[in-house]
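Single-structure report; data block below.
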Amino acid sequence: MLNNKGLVHDRKNLELLRLLQKNPRAPMSELARRIGMSNPAVKERVLRLEESGVLEGYRLELNPRELGYNVMAFVRVRPLPGHVNRISELVQSIPQVTECHRITGEDCFILKLYLKEISDLDRLLNRVLAHGQTTTSIVQSSPVPLRSLPIGDTL
């Protein structure tokens with residue numbers, strides 16, 4: 001990975017990242033026009049941002065409800081002794097688990113998952129319960145849905 005310190009402090013790069021956050025599919029010609037640079041210069045900047053790891057890629061966001069996933073839940077997992085790696089491997093194999101984070105505290109993992117219906121939760125949890133204790137929270141609403149990181153902003 002290249003040193004990205006200079007990349008994220010460059011005003012044009014920050015402007016470019018903000019534009020890409022709003023529209024990752026924007027053509028280079030539009031990006032170039034909006035930041036006042038040539039197409040090749042913008043293309044080179046995007047490439048440097050990708051190579052440095054600042055720009056990790058482009059994501060397609062799907063609407064879970066439109067795909068029939070009506071339940072979102074978070075599951076905290078406290079592994080049995082010696083089962084940390086087993087849980088990590090298991091949750092990687094469950095497609096309904098869209099995120100898994102190793103966390104501090106009594107629980108070692110927090111999972112974000114989507115289910116078509118609440119009855120699917122038992123089957124999924126039974127697979128995890130063989131390796132540890134779980135605590136589940138069903139999401140009622142999301143006042144702050146998934147959003148991009150602030151760019152160049154401070155608190």
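Residues are referred to by chain and number: the chain letter is A, B, ... according to the order shown in the structure tokens, the number counts from 1 in that chain, and ligands are numbered separately from 1 in the order shown.
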Give me the residues near A:Ile118 as a PyMOL selection string, where near means some atom within 10 Å (using only C-alpha atoms) and where sequence neighbours in that chain fewer than 6 positions away do not count.
chain A and resi 69-73+138
Report as a ChimeraX atom specification all protein, DNA and RNA residues lying within 10 Å of stretch 94-97 of chain A, evaluated on only C-alpha atoms, omitting residues in the same chain fewer than 4 positions from it.
/A:69,72-75,89-90,111-116,124,127
Which residue, A:Val77, A:Arg18, A:Gly57, A:Arg25, has the smallest gap to A:Gly105 when you use only C-alpha atoms?
A:Val77
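Distance-wise, atom CA of A:Ser141 and atom CA of A:Asn63 end up 14.4 Å apart.
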Any idea what's packed within 10 Å of A:Gln21, counting only C-alpha atoms, ignoring anything in its chain fewer than 2 positions away? Could you give it as a PyMOL selection string?
chain A and resi 15-19+23-26+58+147-151
Looking only at strand (DSSP E or B) from DSSP on the backbone, list the matching residues of stretch 11-74 of chain A as a PyMOL selection string.
chain A and resi 71-74
For the residues selected in the previous step, produce a file with N, CA, C and O atoms as a short mmCIF file (atom, residue, chain, number, x, y, z; two decimals), in the first residue's frame.
```cif
data_model
loop_
_atom_site.label_atom_id
_atom_site.label_comp_id
_atom_site.auth_asym_id
_atom_site.auth_seq_id
_atom_site.Cartn_x
_atom_site.Cartn_y
_atom_site.Cartn_z
N VAL A 71 -36.37 -8.94 8.00
CA VAL A 71 -35.88 -8.86 9.38
C VAL A 71 -34.38 -8.60 9.35
O VAL A 71 -33.62 -9.33 8.71
N MET A 72 -33.97 -7.53 10.05
CA MET A 72 -32.54 -7.28 10.27
C MET A 72 -32.29 -7.48 11.75
O MET A 72 -33.09 -7.05 12.59
N ALA A 73 -31.18 -8.13 12.08
CA ALA A 73 -30.85 -8.37 13.48
C ALA A 73 -29.35 -8.25 13.70
O ALA A 73 -28.56 -8.41 12.78
N PHE A 74 -29.02 -7.96 14.95
CA PHE A 74 -27.63 -7.99 15.38
C PHE A 74 -27.53 -9.10 16.43
O PHE A 74 -28.39 -9.20 17.31
#
```
Applying 12 Å and only C-alpha atoms, which residues near A:Ser88 remain after dropping the ones on its own chain fewer than 5 positions away? List them as a list in words.
Val77, Arg78, Pro79, Gly82, His83, Ser93, Ile94, Val97, Glu99, Cys100, His101, Arg102, Cys108, Phe109, Ile110, Leu111, Val128, His131 and Gly132 of chain A
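Our summary of the geometry notes that atom CA of A:Val91 is positioned 13.7 Å from atom CA of A:Leu121.
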What residues in chain A get the DSSP label helix (DSSP H, G or I)? Please answer as an mmCIF file with N, CA, C and O atoms, in the first residue's frame.
```
data_model
loop_
_atom_site.group_PDB
_atom_site.id
_atom_site.type_symbol
_atom_site.label_atom_id
_atom_site.label_comp_id
_atom_site.auth_asym_id
_atom_site.auth_seq_id
_atom_site.Cartn_x
_atom_site.Cartn_y
_atom_site.Cartn_z
ATOM 1 N N LYS A 5 -1.110 9.608 2.973
ATOM 2 C CA LYS A 5 -1.285 10.832 3.752
ATOM 3 C C LYS A 5 -1.469 12.044 2.844
ATOM 4 O O LYS A 5 -2.384 12.832 3.028
ATOM 5 N N GLY A 6 -0.620 12.192 1.852
ATOM 6 C CA GLY A 6 -0.737 13.316 0.937
ATOM 7 C C GLY A 6 -1.992 13.243 0.085
ATOM 8 O O GLY A 6 -2.584 14.262 -0.262
ATOM 9 N N LEU A 7 -2.403 12.033 -0.255
ATOM 10 C CA LEU A 7 -3.576 11.860 -1.103
ATOM 11 C C LEU A 7 -4.850 12.367 -0.446
ATOM 12 O O LEU A 7 -5.703 12.948 -1.095
ATOM 13 N N VAL A 8 -4.996 12.126 0.851
ATOM 14 C CA VAL A 8 -6.243 12.504 1.519
ATOM 15 C C VAL A 8 -6.244 13.950 2.004
ATOM 16 O O VAL A 8 -7.253 14.427 2.493
ATOM 17 N N HIS A 9 -5.116 14.629 1.857
ATOM 18 C CA HIS A 9 -5.071 16.038 2.233
ATOM 19 C C HIS A 9 -5.104 16.947 1.014
ATOM 20 O O HIS A 9 -5.136 18.160 1.152
ATOM 21 N N ARG A 11 -6.803 18.864 -1.854
ATOM 22 C CA ARG A 11 -8.149 19.421 -2.020
ATOM 23 C C ARG A 11 -8.893 18.800 -3.205
ATOM 24 O O ARG A 11 -10.080 18.470 -3.105
ATOM 25 N N LYS A 12 -8.211 18.595 -4.318
ATOM 26 C CA LYS A 12 -8.854 18.019 -5.513
ATOM 27 C C LYS A 12 -9.241 16.564 -5.264
ATOM 28 O O LYS A 12 -10.304 16.104 -5.680
ATOM 29 N N ASN A 13 -8.387 15.826 -4.553
ATOM 30 C CA ASN A 13 -8.713 14.431 -4.239
ATOM 31 C C ASN A 13 -9.929 14.344 -3.318
ATOM 32 O O ASN A 13 -10.789 13.474 -3.490
ATOM 33 N N LEU A 14 -9.993 15.236 -2.336
ATOM 34 C CA LEU A 14 -11.150 15.247 -1.437
ATOM 35 C C LEU A 14 -12.424 15.566 -2.207
ATOM 36 O O LEU A 14 -13.464 14.938 -2.002
ATOM 37 N N GLU A 15 -12.328 16.515 -3.117
ATOM 38 C CA GLU A 15 -13.476 16.874 -3.943
ATOM 39 C C GLU A 15 -13.891 15.684 -4.823
ATOM 40 O O GLU A 15 -15.077 15.369 -4.958
ATOM 41 N N LEU A 16 -12.901 15.006 -5.373
ATOM 42 C CA LEU A 16 -13.148 13.830 -6.209
ATOM 43 C C LEU A 16 -13.812 12.716 -5.399
ATOM 44 O O LEU A 16 -14.789 12.104 -5.851
ATOM 45 N N LEU A 17 -13.339 12.472 -4.194
ATOM 46 C CA LEU A 17 -13.935 11.435 -3.341
ATOM 47 C C LEU A 17 -15.379 11.775 -2.983
ATOM 48 O O LEU A 17 -16.246 10.897 -2.980
ATOM 49 N N ARG A 18 -15.655 13.052 -2.706
ATOM 50 C CA ARG A 18 -17.030 13.456 -2.398
ATOM 51 C C ARG A 18 -17.951 13.197 -3.590
ATOM 52 O O ARG A 18 -19.080 12.722 -3.433
ATOM 53 N N LEU A 19 -17.468 13.515 -4.788
ATOM 54 C CA LEU A 19 -18.278 13.278 -5.990
ATOM 55 C C LEU A 19 -18.513 11.783 -6.207
ATOM 56 O O LEU A 19 -19.616 11.366 -6.559
ATOM 57 N N LEU A 20 -17.489 10.992 -5.996
ATOM 58 C CA LEU A 20 -17.628 9.540 -6.172
ATOM 59 C C LEU A 20 -18.554 8.931 -5.121
ATOM 60 O O LEU A 20 -19.253 7.962 -5.402
ATOM 61 N N GLN A 21 -18.567 9.499 -3.916
ATOM 62 C CA GLN A 21 -19.503 9.012 -2.897
ATOM 63 C C GLN A 21 -20.935 9.233 -3.348
ATOM 64 O O GLN A 21 -21.795 8.385 -3.149
ATOM 65 N N LYS A 22 -21.195 10.382 -3.931
ATOM 66 C CA LYS A 22 -22.551 10.695 -4.383
ATOM 67 C C LYS A 22 -22.949 9.865 -5.590
ATOM 68 O O LYS A 22 -24.111 9.477 -5.730
ATOM 69 N N MET A 28 -15.723 9.585 -16.013
ATOM 70 C CA MET A 28 -14.526 10.394 -15.773
ATOM 71 C C MET A 28 -14.698 11.793 -16.351
ATOM 72 O O MET A 28 -14.241 12.772 -15.757
ATOM 73 N N SER A 29 -15.363 11.898 -17.494
ATOM 74 C CA SER A 29 -15.538 13.209 -18.125
ATOM 75 C C SER A 29 -16.346 14.147 -17.225
ATOM 76 O O SER A 29 -16.031 15.331 -17.107
ATOM 77 N N GLU A 30 -17.369 13.612 -16.552
ATOM 78 C CA GLU A 30 -18.169 14.447 -15.651
ATOM 79 C C GLU A 30 -17.356 14.845 -14.426
ATOM 80 O O GLU A 30 -17.384 16.001 -13.986
ATOM 81 N N LEU A 31 -16.616 13.875 -13.864
ATOM 82 C CA LEU A 31 -15.774 14.174 -12.704
ATOM 83 C C LEU A 31 -14.746 15.243 -13.059
ATOM 84 O O LEU A 31 -14.532 16.187 -12.298
ATOM 85 N N ALA A 32 -14.131 15.095 -14.225
ATOM 86 C CA ALA A 32 -13.113 16.044 -14.672
ATOM 87 C C ALA A 32 -13.704 17.442 -14.811
ATOM 88 O O ALA A 32 -13.109 18.431 -14.357
ATOM 89 N N ARG A 33 -14.866 17.516 -15.413
ATOM 90 C CA ARG A 33 -15.529 18.810 -15.597
ATOM 91 C C ARG A 33 -15.854 19.443 -14.244
ATOM 92 O O ARG A 33 -15.633 20.627 -14.027
ATOM 93 N N ARG A 34 -16.352 18.636 -13.309
ATOM 94 C CA ARG A 34 -16.804 19.170 -12.016
ATOM 95 C C ARG A 34 -15.636 19.662 -11.154
ATOM 96 O O ARG A 34 -15.822 20.575 -10.348
ATOM 97 N N ILE A 35 -14.447 19.050 -11.296
ATOM 98 C CA ILE A 35 -13.322 19.514 -10.468
ATOM 99 C C ILE A 35 -12.322 20.352 -11.272
ATOM 100 O O ILE A 35 -11.307 20.778 -10.734
ATOM 101 N N ASN A 39 -9.586 14.757 -18.272
ATOM 102 C CA ASN A 39 -9.966 13.353 -18.060
ATOM 103 C C ASN A 39 -8.771 12.495 -17.635
ATOM 104 O O ASN A 39 -8.867 11.745 -16.654
ATOM 105 N N PRO A 40 -7.622 12.567 -18.365
ATOM 106 C CA PRO A 40 -6.480 11.734 -17.966
ATOM 107 C C PRO A 40 -5.979 12.042 -16.554
ATOM 108 O O PRO A 40 -5.602 11.134 -15.815
ATOM 109 N N ALA A 41 -6.017 13.320 -16.154
ATOM 110 C CA ALA A 41 -5.558 13.689 -14.810
ATOM 111 C C ALA A 41 -6.479 13.097 -13.746
ATOM 112 O O ALA A 41 -6.017 12.589 -12.725
ATOM 113 N N VAL A 42 -7.781 13.139 -13.993
ATOM 114 C CA VAL A 42 -8.748 12.581 -13.035
ATOM 115 C C VAL A 42 -8.608 11.066 -12.992
ATOM 116 O O VAL A 42 -8.620 10.463 -11.908
ATOM 117 N N LYS A 43 -8.458 10.452 -14.130
ATOM 118 C CA LYS A 43 -8.289 8.989 -14.185
ATOM 119 C C LYS A 43 -7.054 8.571 -13.390
ATOM 120 O O LYS A 43 -7.089 7.581 -12.644
ATOM 121 N N GLU A 44 -5.972 9.321 -13.516
ATOM 122 C CA GLU A 44 -4.736 9.038 -12.779
ATOM 123 C C GLU A 44 -4.953 9.204 -11.276
ATOM 124 O O GLU A 44 -4.490 8.398 -10.482
ATOM 125 N N ARG A 45 -5.679 10.240 -10.879
ATOM 126 C CA ARG A 45 -5.956 10.445 -9.464
ATOM 127 C C ARG A 45 -6.795 9.294 -8.888
ATOM 128 O O ARG A 45 -6.528 8.806 -7.797
ATOM 129 N N VAL A 46 -7.813 8.884 -9.618
ATOM 130 C CA VAL A 46 -8.657 7.771 -9.162
ATOM 131 C C VAL A 46 -7.812 6.513 -9.027
ATOM 132 O O VAL A 46 -7.912 5.781 -8.038
ATOM 133 N N LEU A 47 -6.941 6.259 -9.990
ATOM 134 C CA LEU A 47 -6.064 5.084 -9.938
ATOM 135 C C LEU A 47 -5.155 5.145 -8.714
ATOM 136 O O LEU A 47 -4.990 4.145 -8.003
ATOM 137 N N ARG A 48 -4.569 6.311 -8.432
ATOM 138 C CA ARG A 48 -3.698 6.448 -7.252
ATOM 139 C C ARG A 48 -4.486 6.241 -5.961
ATOM 140 O O ARG A 48 -3.999 5.622 -5.019
ATOM 141 N N LEU A 49 -5.713 6.745 -5.918
ATOM 142 C CA LEU A 49 -6.551 6.547 -4.733
ATOM 143 C C LEU A 49 -6.896 5.062 -4.547
ATOM 144 O O LEU A 49 -6.952 4.569 -3.418
ATOM 145 N N GLU A 50 -7.126 4.359 -5.641
ATOM 146 C CA GLU A 50 -7.404 2.919 -5.562
ATOM 147 C C GLU A 50 -6.165 2.156 -5.121
ATOM 148 O O GLU A 50 -6.231 1.310 -4.220
ATOM 149 N N GLU A 51 -5.026 2.446 -5.737
ATOM 150 C CA GLU A 51 -3.782 1.729 -5.407
ATOM 151 C C GLU A 51 -3.328 1.964 -3.972
ATOM 152 O O GLU A 51 -2.744 1.094 -3.351
ATOM 153 N N SER A 52 -3.612 3.148 -3.441
ATOM 154 C CA SER A 52 -3.199 3.472 -2.074
ATOM 155 C C SER A 52 -4.111 2.830 -1.033
ATOM 156 O O SER A 52 -3.776 2.772 0.140
ATOM 157 N N ARG A 65 -35.459 -5.420 1.786
ATOM 158 C CA ARG A 65 -36.912 -5.669 1.786
ATOM 159 C C ARG A 65 -37.411 -6.052 0.396
ATOM 160 O O ARG A 65 -38.282 -6.907 0.261
ATOM 161 N N GLU A 66 -36.875 -5.412 -0.626
ATOM 162 C CA GLU A 66 -37.298 -5.732 -1.988
ATOM 163 C C GLU A 66 -36.866 -7.138 -2.393
ATOM 164 O O GLU A 66 -37.443 -7.735 -3.295
ATOM 165 N N LEU A 67 -35.861 -7.667 -1.710
ATOM 166 C CA LEU A 67 -35.402 -9.039 -1.970
ATOM 167 C C LEU A 67 -36.040 -10.040 -1.012
ATOM 168 O O LEU A 67 -35.677 -11.206 -0.999
ATOM 169 N N VAL A 84 -13.353 -19.746 19.195
ATOM 170 C CA VAL A 84 -13.319 -18.464 18.488
ATOM 171 C C VAL A 84 -13.134 -18.680 16.992
ATOM 172 O O VAL A 84 -13.874 -18.130 16.171
ATOM 173 N N ASN A 85 -12.161 -19.477 16.607
ATOM 174 C CA ASN A 85 -11.902 -19.699 15.176
ATOM 175 C C ASN A 85 -13.054 -20.429 14.497
ATOM 176 O O ASN A 85 -13.372 -20.160 13.337
ATOM 177 N N ARG A 86 -13.692 -21.348 15.220
ATOM 178 C CA ARG A 86 -14.834 -22.069 14.639
ATOM 179 C C ARG A 86 -15.981 -21.122 14.324
ATOM 180 O O ARG A 86 -16.631 -21.235 13.281
ATOM 181 N N ILE A 87 -16.244 -20.199 15.237
ATOM 182 C CA ILE A 87 -17.314 -19.228 14.996
ATOM 183 C C ILE A 87 -16.963 -18.351 13.805
ATOM 184 O O ILE A 87 -17.795 -18.111 12.930
ATOM 185 N N SER A 88 -15.732 -17.894 13.761
ATOM 186 C CA SER A 88 -15.299 -17.047 12.650
ATOM 187 C C SER A 88 -15.491 -17.761 11.311
ATOM 188 O O SER A 88 -16.016 -17.192 10.357
ATOM 189 N N GLU A 89 -15.098 -19.018 11.247
ATOM 190 C CA GLU A 89 -15.262 -19.800 10.012
ATOM 191 C C GLU A 89 -16.737 -20.049 9.702
ATOM 192 O O GLU A 89 -17.167 -19.946 8.555
ATOM 193 N N LEU A 90 -17.512 -20.363 10.729
ATOM 194 C CA LEU A 90 -18.934 -20.660 10.530
ATOM 195 C C LEU A 90 -19.680 -19.464 9.958
ATOM 196 O O LEU A 90 -20.388 -19.591 8.961
ATOM 197 N N VAL A 91 -19.522 -18.296 10.570
ATOM 198 C CA VAL A 91 -20.308 -17.148 10.124
ATOM 199 C C VAL A 91 -19.902 -16.688 8.723
ATOM 200 O O VAL A 91 -20.715 -16.115 8.001
ATOM 201 N N GLN A 92 -18.673 -16.970 8.319
ATOM 202 C CA GLN A 92 -18.267 -16.658 6.953
ATOM 203 C C GLN A 92 -19.034 -17.496 5.939
ATOM 204 O O GLN A 92 -19.211 -17.094 4.797
ATOM 205 N N ASP A 120 -36.737 -17.892 10.647
ATOM 206 C CA ASP A 120 -35.411 -18.293 10.155
ATOM 207 C C ASP A 120 -34.325 -18.082 11.207
ATOM 208 O O ASP A 120 -33.247 -18.662 11.117
ATOM 209 N N LEU A 121 -34.622 -17.264 12.207
ATOM 210 C CA LEU A 121 -33.635 -16.950 13.231
ATOM 211 C C LEU A 121 -33.236 -18.187 14.029
ATOM 212 O O LEU A 121 -32.054 -18.383 14.312
ATOM 213 N N ASP A 122 -34.193 -19.034 14.369
ATOM 214 C CA ASP A 122 -33.877 -20.249 15.144
ATOM 215 C C ASP A 122 -32.854 -21.123 14.431
ATOM 216 O O ASP A 122 -31.883 -21.575 15.037
ATOM 217 N N ARG A 123 -33.069 -21.368 13.142
ATOM 218 C CA ARG A 123 -32.142 -22.230 12.386
ATOM 219 C C ARG A 123 -30.737 -21.638 12.351
ATOM 220 O O ARG A 123 -29.756 -22.342 12.539
ATOM 221 N N LEU A 124 -30.659 -20.347 12.150
ATOM 222 C CA LEU A 124 -29.352 -19.708 12.092
ATOM 223 C C LEU A 124 -28.673 -19.736 13.462
ATOM 224 O O LEU A 124 -27.504 -20.107 13.573
ATOM 225 N N LEU A 125 -29.412 -19.367 14.497
ATOM 226 C CA LEU A 125 -28.825 -19.342 15.840
ATOM 227 C C LEU A 125 -28.410 -20.731 16.304
ATOM 228 O O LEU A 125 -27.398 -20.869 16.998
ATOM 229 N N ASN A 126 -29.164 -21.757 15.946
ATOM 230 C CA ASN A 126 -28.802 -23.120 16.357
ATOM 231 C C ASN A 126 -27.412 -23.503 15.843
ATOM 232 O O ASN A 126 -26.673 -24.209 16.524
ATOM 233 N N ARG A 127 -27.051 -23.017 14.677
ATOM 234 C CA ARG A 127 -25.713 -23.310 14.134
ATOM 235 C C ARG A 127 -24.634 -22.637 14.978
ATOM 236 O O ARG A 127 -23.573 -23.200 15.216
ATOM 237 N N VAL A 128 -24.920 -21.429 15.446
ATOM 238 C CA VAL A 128 -23.940 -20.674 16.230
ATOM 239 C C VAL A 128 -23.898 -21.168 17.673
ATOM 240 O O VAL A 128 -22.833 -21.231 18.293
ATOM 241 N N LEU A 129 -25.065 -21.551 18.222
ATOM 242 C CA LEU A 129 -25.140 -21.970 19.623
ATOM 243 C C LEU A 129 -24.312 -23.208 19.937
ATOM 244 O O LEU A 129 -23.979 -23.450 21.098
#
```
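Between A:Glu117 and the residues A:Gly68, A:Gly152, A:Pro27, A:Pro143, the shortest atom-to-atom distance, using only C-alpha atoms, involves A:Gly68.
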